[in-house]
file structure02.pdb (PDB, C-alpha atoms)
ATOM      1  CA  MET I   1     -13.568 -10.860  28.028  1.00  0.00           C
ATOM      2  CA  PRO I   2     -15.298  -9.352  31.114  1.00  0.00           C
ATOM      3  CA  VAL I   3     -17.129  -6.036  30.984  1.00  0.00           C
ATOM      4  CA  VAL I   4     -16.698  -3.487  33.780  1.00  0.00           C
ATOM      5  CA  SER I   5     -19.498  -1.023  34.488  1.00  0.00           C
ATOM      6  CA  VAL I   6     -18.934   1.950  36.803  1.00  0.00           C
ATOM      7  CA  THR I   7     -21.431   4.592  37.880  1.00  0.00           C
ATOM      8  CA  ARG I   8     -21.057   7.690  40.037  1.00  0.00           C
ATOM      9  CA  PHE I   9     -23.974   9.540  41.608  1.00  0.00           C
ATOM     10  CA  ARG I  10     -23.895  12.615  43.835  1.00  0.00           C
ATOM     11  CA  ALA I  11     -27.114  13.496  45.648  1.00  0.00           C
ATOM     12  CA  ARG I  12     -27.834  17.218  45.329  1.00  0.00           C
ATOM     13  CA  ALA I  13     -29.098  17.372  48.927  1.00  0.00           C
ATOM     14  CA  TRP I  14     -28.697  15.134  51.982  1.00  0.00           C
ATOM     15  CA  TRP I  15     -32.437  14.317  52.102  1.00  0.00           C
ATOM     16  CA  TYR I  16     -32.140  12.356  48.836  1.00  0.00           C
ATOM     17  CA  VAL I  17     -29.623   9.953  50.407  1.00  0.00           C
ATOM     18  CA  PRO I  18     -32.209   7.798  52.290  1.00  0.00           C
ATOM     19  CA  LEU I  19     -34.248   7.509  49.086  1.00  0.00           C
ATOM     20  CA  LEU I  20     -31.122   6.542  47.180  1.00  0.00           C
ATOM     21  CA  LEU I  21     -30.284   3.894  49.783  1.00  0.00           C
ATOM     22  CA  PHE I  22     -33.804   2.459  49.577  1.00  0.00           C
ATOM     23  CA  TYR I  23     -33.591   2.039  45.795  1.00  0.00           C
ATOM     24  CA  SER I  24     -29.984   0.857  46.017  1.00  0.00           C
ATOM     25  CA  GLN I  25     -30.954  -2.050  48.271  1.00  0.00           C
ATOM     26  CA  ARG I  26     -33.469  -3.208  45.692  1.00  0.00           C
ATOM     27  CA  SER I  27     -30.918  -2.916  42.875  1.00  0.00           C
ATOM     28  CA  ILE I  28     -28.335  -4.814  44.943  1.00  0.00           C
ATOM     29  CA  ALA I  29     -30.807  -7.653  45.456  1.00  0.00           C
ATOM     30  CA  GLN I  30     -31.421  -7.674  41.698  1.00  0.00           C
ATOM     31  CA  VAL I  31     -27.723  -7.752  40.741  1.00  0.00           C
ATOM     32  CA  ARG I  32     -27.060 -10.626  43.148  1.00  0.00           C
ATOM     33  CA  LYS I  33     -29.481 -12.731  41.068  1.00  0.00           C
ATOM     34  CA  ALA I  34     -28.522 -11.346  37.651  1.00  0.00           C
ATOM     35  CA  ASP I  35     -27.190 -13.699  35.016  1.00  0.00           C
ATOM     36  CA  GLY I  36     -23.601 -12.957  34.097  1.00  0.00           C
ATOM     37  CA  CYS I  37     -22.614 -10.785  37.056  1.00  0.00           C
ATOM     38  CA  ILE I  38     -19.149 -11.758  38.314  1.00  0.00           C
ATOM     39  CA  ALA I  39     -18.748  -9.216  41.119  1.00  0.00           C
ATOM     40  CA  MET I  40     -20.083  -5.946  42.481  1.00  0.00           C
ATOM     41  CA  ALA I  41     -18.649  -3.213  44.640  1.00  0.00           C
ATOM     42  CA  LEU I  42     -20.100  -0.074  46.188  1.00  0.00           C
ATOM     43  CA  LEU I  43     -18.199   2.911  47.500  1.00  0.00           C
ATOM     44  CA  ARG I  44     -19.669   5.606  49.702  1.00  0.00           C
ATOM     45  CA  ASP I  45     -17.642   8.680  48.844  1.00  0.00           C
ATOM     46  CA  LYS I  46     -17.609  12.108  50.488  1.00  0.00           C
ATOM     47  CA  ASN I  47     -20.254  14.828  49.984  1.00  0.00           C
ATOM     48  CA  HIS I  48     -23.209  12.504  49.272  1.00  0.00           C
ATOM     49  CA  ALA I  49     -21.429  10.781  46.353  1.00  0.00           C
ATOM     50  CA  PHE I  50     -21.703   7.053  45.669  1.00  0.00           C
ATOM     51  CA  TRP I  51     -19.901   4.767  43.215  1.00  0.00           C
ATOM     52  CA  THR I  52     -20.946   1.359  41.904  1.00  0.00           C
ATOM     53  CA  MET I  53     -18.825  -1.151  40.025  1.00  0.00           C
ATOM     54  CA  THR I  54     -20.004  -4.395  38.485  1.00  0.00           C
ATOM     55  CA  LEU I  55     -18.147  -6.979  36.396  1.00  0.00           C
ATOM     56  CA  TRP I  56     -20.079  -8.956  33.806  1.00  0.00           C
ATOM     57  CA  THR I  57     -19.373 -11.907  31.545  1.00  0.00           C
ATOM     58  CA  GLU I  58     -21.167 -10.247  28.627  1.00  0.00           C
ATOM     59  CA  GLU I  59     -22.303  -6.762  27.703  1.00  0.00           C
ATOM     60  CA  ARG I  60     -25.779  -7.981  26.727  1.00  0.00           C
ATOM     61  CA  LEU I  61     -26.305  -9.407  30.244  1.00  0.00           C
ATOM     62  CA  MET I  62     -25.188  -6.114  31.788  1.00  0.00           C
ATOM     63  CA  LYS I  63     -27.670  -4.240  29.589  1.00  0.00           C
ATOM     64  CA  ALA I  64     -30.442  -6.701  30.467  1.00  0.00           C
ATOM     65  CA  TYR I  65     -29.869  -5.905  34.140  1.00  0.00           C
ATOM     66  CA  MET I  66     -29.766  -2.141  33.537  1.00  0.00           C
ATOM     67  CA  THR I  67     -33.049  -2.085  31.639  1.00  0.00           C
ATOM     68  CA  SER I  68     -35.128  -4.262  33.935  1.00  0.00           C
ATOM     69  CA  GLY I  69     -36.469  -4.639  37.443  1.00  0.00           C
ATOM     70  CA  ALA I  70     -35.461  -2.490  40.389  1.00  0.00           C
ATOM     71  CA  HIS I  71     -32.610  -0.829  38.504  1.00  0.00           C
ATOM     72  CA  ARG I  72     -34.947   0.359  35.769  1.00  0.00           C
ATOM     73  CA  ASN I  73     -37.398   1.677  38.383  1.00  0.00           C
ATOM     74  CA  ALA I  74     -34.664   3.692  40.114  1.00  0.00           C
ATOM     75  CA  MET I  75     -33.143   5.291  37.005  1.00  0.00           C
ATOM     76  CA  PRO I  76     -35.865   7.923  36.292  1.00  0.00           C
ATOM     77  CA  ARG I  77     -35.389   9.350  39.797  1.00  0.00           C
ATOM     78  CA  LEU I  78     -31.725  10.031  39.119  1.00  0.00           C
ATOM     79  CA  ALA I  79     -32.454  13.111  37.004  1.00  0.00           C
ATOM     80  CA  ALA I  80     -34.198  14.886  39.891  1.00  0.00           C
ATOM     81  CA  TRP I  81     -32.084  13.666  42.820  1.00  0.00           C
ATOM     82  CA  ALA I  82     -28.533  14.161  41.500  1.00  0.00           C
ATOM     83  CA  ASP I  83     -26.393  17.140  40.649  1.00  0.00           C
ATOM     84  CA  GLU I  84     -23.619  14.880  39.316  1.00  0.00           C
ATOM     85  CA  ALA I  85     -24.028  11.478  37.674  1.00  0.00           C
ATOM     86  CA  SER I  86     -21.948   9.582  35.143  1.00  0.00           C
ATOM     87  CA  VAL I  87     -21.324   6.120  33.757  1.00  0.00           C
ATOM     88  CA  VAL I  88     -18.536   4.263  31.964  1.00  0.00           C
ATOM     89  CA  HIS I  89     -18.183   0.698  30.605  1.00  0.00           C
ATOM     90  CA  TRP I  90     -15.118  -1.072  29.255  1.00  0.00           C
ATOM     91  CA  HIS I  91     -13.882  -4.557  28.345  1.00  0.00           C
ATOM     92  CA  GLN I  92     -10.804  -6.011  30.007  1.00  0.00           C
ATOM     93  CA  ASP I  93      -8.826  -9.218  29.602  1.00  0.00           C
ATOM     94  CA  ARG I  94      -8.885 -10.323  33.246  1.00  0.00           C
ATOM     95  CA  PRO I  95     -11.812 -10.999  35.609  1.00  0.00           C
ATOM     96  CA  ASP I  96     -10.163  -9.014  38.437  1.00  0.00           C
ATOM     97  CA  ARG I  97     -11.883  -5.921  39.743  1.00  0.00           C
ATOM     98  CA  PRO I  98     -10.084  -2.654  38.961  1.00  0.00           C
ATOM     99  CA  ASP I  99      -9.360  -0.303  41.844  1.00  0.00           C
ATOM    100  CA  TRP I 100     -11.341   2.902  42.379  1.00  0.00           C
ATOM    101  CA  ALA I 101      -8.493   5.092  41.077  1.00  0.00           C
ATOM    102  CA  GLU I 102      -8.685   3.256  37.741  1.00  0.00           C
ATOM    103  CA  ALA I 103     -12.478   3.593  37.765  1.00  0.00           C
ATOM    104  CA  ALA I 104     -12.172   7.370  38.268  1.00  0.00           C
ATOM    105  CA  ARG I 105      -9.519   7.642  35.557  1.00  0.00           C
ATOM    106  CA  ARG I 106     -11.709   5.745  33.097  1.00  0.00           C
ATOM    107  CA  MET I 107     -14.771   7.758  34.091  1.00  0.00           C
ATOM    108  CA  ARG I 108     -13.019  11.031  33.301  1.00  0.00           C
ATOM    109  CA  ALA I 109     -11.412   9.741  30.076  1.00  0.00           C
ATOM    110  CA  GLU I 110     -14.202   7.598  28.590  1.00  0.00           C
ATOM    111  CA  GLY I 111     -17.330   8.179  30.694  1.00  0.00           C
ATOM    112  CA  ARG I 112     -20.407  10.193  29.929  1.00  0.00           C
ATOM    113  CA  ALA I 113     -22.483  12.493  32.077  1.00  0.00           C
ATOM    114  CA  SER I 114     -26.121  11.507  32.623  1.00  0.00           C
ATOM    115  CA  LYS I 115     -28.999  13.859  31.822  1.00  0.00           C
ATOM    116  CA  LEU I 116     -29.979  15.745  34.986  1.00  0.00           C
ATOM    117  CA  ARG I 117     -32.569  18.403  35.823  1.00  0.00           C
ATOM    118  CA  HIS I 118     -30.261  20.231  38.247  1.00  0.00           C
ATOM    119  CA  PRO I 119     -26.642  19.637  37.125  1.00  0.00           C
ATOM    120  CA  GLY I 120     -23.888  21.017  39.315  1.00  0.00           C
ATOM    121  CA  PRO I 121     -20.779  22.852  38.096  1.00  0.00           C
ATOM    122  CA  HIS I 122     -18.662  19.658  37.913  1.00  0.00           C
ATOM    123  CA  HIS I 123     -21.258  17.516  36.152  1.00  0.00           C
ATOM    124  CA  ALA I 124     -20.773  18.086  32.423  1.00  0.00           C
ATOM    125  CA  ASP I 125     -16.963  17.972  32.401  1.00  0.00           C
ATOM    126  CA  LEU I 126     -16.703  15.148  34.999  1.00  0.00           C
ATOM    127  CA  SER I 127     -14.347  17.257  37.125  1.00  0.00           C
ATOM    128  CA  PHE I 128     -15.388  15.585  40.369  1.00  0.00           C
ATOM    129  CA  PRO I 129     -12.767  15.088  43.105  1.00  0.00           C
ATOM    130  CA  ALA I 130     -10.862  11.810  43.319  1.00  0.00           C
ATOM    131  CA  PRO I 131     -12.871   9.161  45.173  1.00  0.00           C
ATOM    132  CA  TRP I 132     -12.188   8.653  48.854  1.00  0.00           C
ATOM    133  CA  THR I 133     -11.091   5.042  48.798  1.00  0.00           C
ATOM    134  CA  ALA I 134     -10.292   4.064  52.365  1.00  0.00           C
ATOM    135  CA  SER I 135     -12.396   0.940  51.855  1.00  0.00           C
ATOM    136  CA  ASP I 136     -15.356  -0.371  49.905  1.00  0.00           C
ATOM    137  CA  THR I 137     -18.732   0.065  51.475  1.00  0.00           C
ATOM    138  CA  LEU I 138     -19.628  -3.327  49.999  1.00  0.00           C
ATOM    139  CA  PHE I 139     -17.783  -5.818  47.817  1.00  0.00           C
ATOM    140  CA  GLU I 140     -19.061  -9.197  46.721  1.00  0.00           C
ATOM    141  CA  ARG I 141     -17.415 -11.651  44.394  1.00  0.00           C
ATOM    142  CA  PHE I 142     -19.795 -14.366  43.408  1.00  0.00           C
ATOM    143  CA  ARG I 143     -18.950 -18.011  44.041  1.00  0.00           C
ATOM    144  CA  PRO I 144     -16.071 -19.286  41.871  1.00  0.00           C
ATOM    145  CA  ASP I 145     -18.173 -22.195  40.592  1.00  0.00           C
ATOM    146  CA  ASP I 146     -20.837 -19.709  39.444  1.00  0.00           C
ATOM    147  CA  GLU I 147     -18.193 -17.522  37.848  1.00  0.00           C
ATOM    148  CA  ARG I 148     -16.674 -20.371  35.838  1.00  0.00           C
ATOM    149  CA  SER I 149     -20.075 -21.358  34.499  1.00  0.00           C
ATOM    150  CA  ARG I 150     -20.724 -17.744  33.472  1.00  0.00           C
ATOM    151  CA  LEU I 151     -17.398 -17.118  31.687  1.00  0.00           C
TER
END
call {"tool": "encode", "arguments": {"input": "structure02.pdb", "output": "structure tokens"}}
result
Amino acid sequence: MPVVSVTRFRARAWWYVPLLLFYSQRSIAQVRKADGCIAMALLRDKNHAFWTMTLWTEERLMKAYMTSGAHRNAMPRLAAWADEASVVHWHQDRPDRPDWAEAARRMRAEGRASKLRHPGPHHADLSFPAPWTASDTLFERFRPDDERSRL
């Protein structure tokens, strides 16, 4: 049963965006090599907001990714750079990627706000606007032969 992980991050000022992109590139390189990752998607939203979505074969492999390498190095910076940040995880029966509307619905219903030094007015209650979903900024589904061996 695949695990879906979704994060949302809103930079509190435009000058944090290049720093975010720098650390994001390192985390993307890490997730491409991570055991158990089925797919990943990134969405650049409006007003300096960014979404990530990853699908995993197992929750323990998702947590191993989150607590190691480039991702672990980026996480402490989140508290100072963001005025909105949240995360949600759920299990689903199919290995298909949910759409961004479902990710936002789940985030509001089941997600949790991250601890921030400068939270904005929409942070604690997750009352962010619906994501602008014209298209993914990046979507990668890993090779089917890799996926079968991971499931």
call {"tool": "resolve_selection", "arguments": {"input": "structure02.pdb", "expression": "the PyMOL selection byres ((chain I and resi 54) around 9)", "output": "compact mmCIF listing (two decimals) with C-alpha atoms, in the frame of the given file"}}
result
# COMPACT_ATOMS: atom_id res chain seq x y z
CA VAL I 3 -17.13 -6.04 30.98
CA VAL I 4 -16.70 -3.49 33.78
CA SER I 5 -19.50 -1.02 34.49
CA VAL I 6 -18.93 1.95 36.80
CA VAL I 31 -27.72 -7.75 40.74
CA CYS I 37 -22.61 -10.78 37.06
CA ILE I 38 -19.15 -11.76 38.31
CA ALA I 39 -18.75 -9.22 41.12
CA MET I 40 -20.08 -5.95 42.48
CA ALA I 41 -18.65 -3.21 44.64
CA LEU I 42 -20.10 -0.07 46.19
CA THR I 52 -20.95 1.36 41.90
CA MET I 53 -18.82 -1.15 40.02
CA LEU I 55 -18.15 -6.98 36.40
CA TRP I 56 -20.08 -8.96 33.81
CA MET I 62 -25.19 -6.11 31.79
CA ARG I 97 -11.88 -5.92 39.74
call {"tool": "closest_residue", "arguments": {"input": "structure02.pdb", "among": "I:Arg108, I:Lys33, I:His48, I:Lys63", "to": "Trp14 (chain I)", "atoms": "all atoms listed in the file"}}
result
I:His48
call {"tool": "resolve_selection", "arguments": {"input": "structure02.pdb", "expression": "the PyMOL selection byres ((chain I and resi 123) around 10)", "output": "PyMOL selection string"}}
result
chain I and resi 10+82-86+112-116+118-122+124-128
call {"tool": "atom_distance", "arguments": {"input": "structure02.pdb", "atom1": "CA of Trp132 (chain I)", "atom2": "CA of Pro76 (chain I)"}}
result
26.8 Å
call {"tool": "atom_distance", "arguments": {"input": "structure02.pdb", "atom1": "CA of His89 (chain I)", "atom2": "CA of Ala104 (chain I)"}}
result
11.8 Å
call {"tool": "closest_residue", "arguments": {"input": "structure02.pdb", "among": "I:Phe22, I:Val87, I:Ala103, I:Arg72", "to": "Arg8 (chain I)", "atoms": "all atoms listed in the file"}}
result
I:Val87
call {"tool": "residues_around", "arguments": {"input": "structure02.pdb", "residues": "Ala70 (chain I)", "least_positions_apart": "2", "cutoff": "9 Å", "atoms": "only C-alpha atoms", "output": "number ranges by chain"}}
result
I: 23-24, 26-30, 66, 68, 72-75
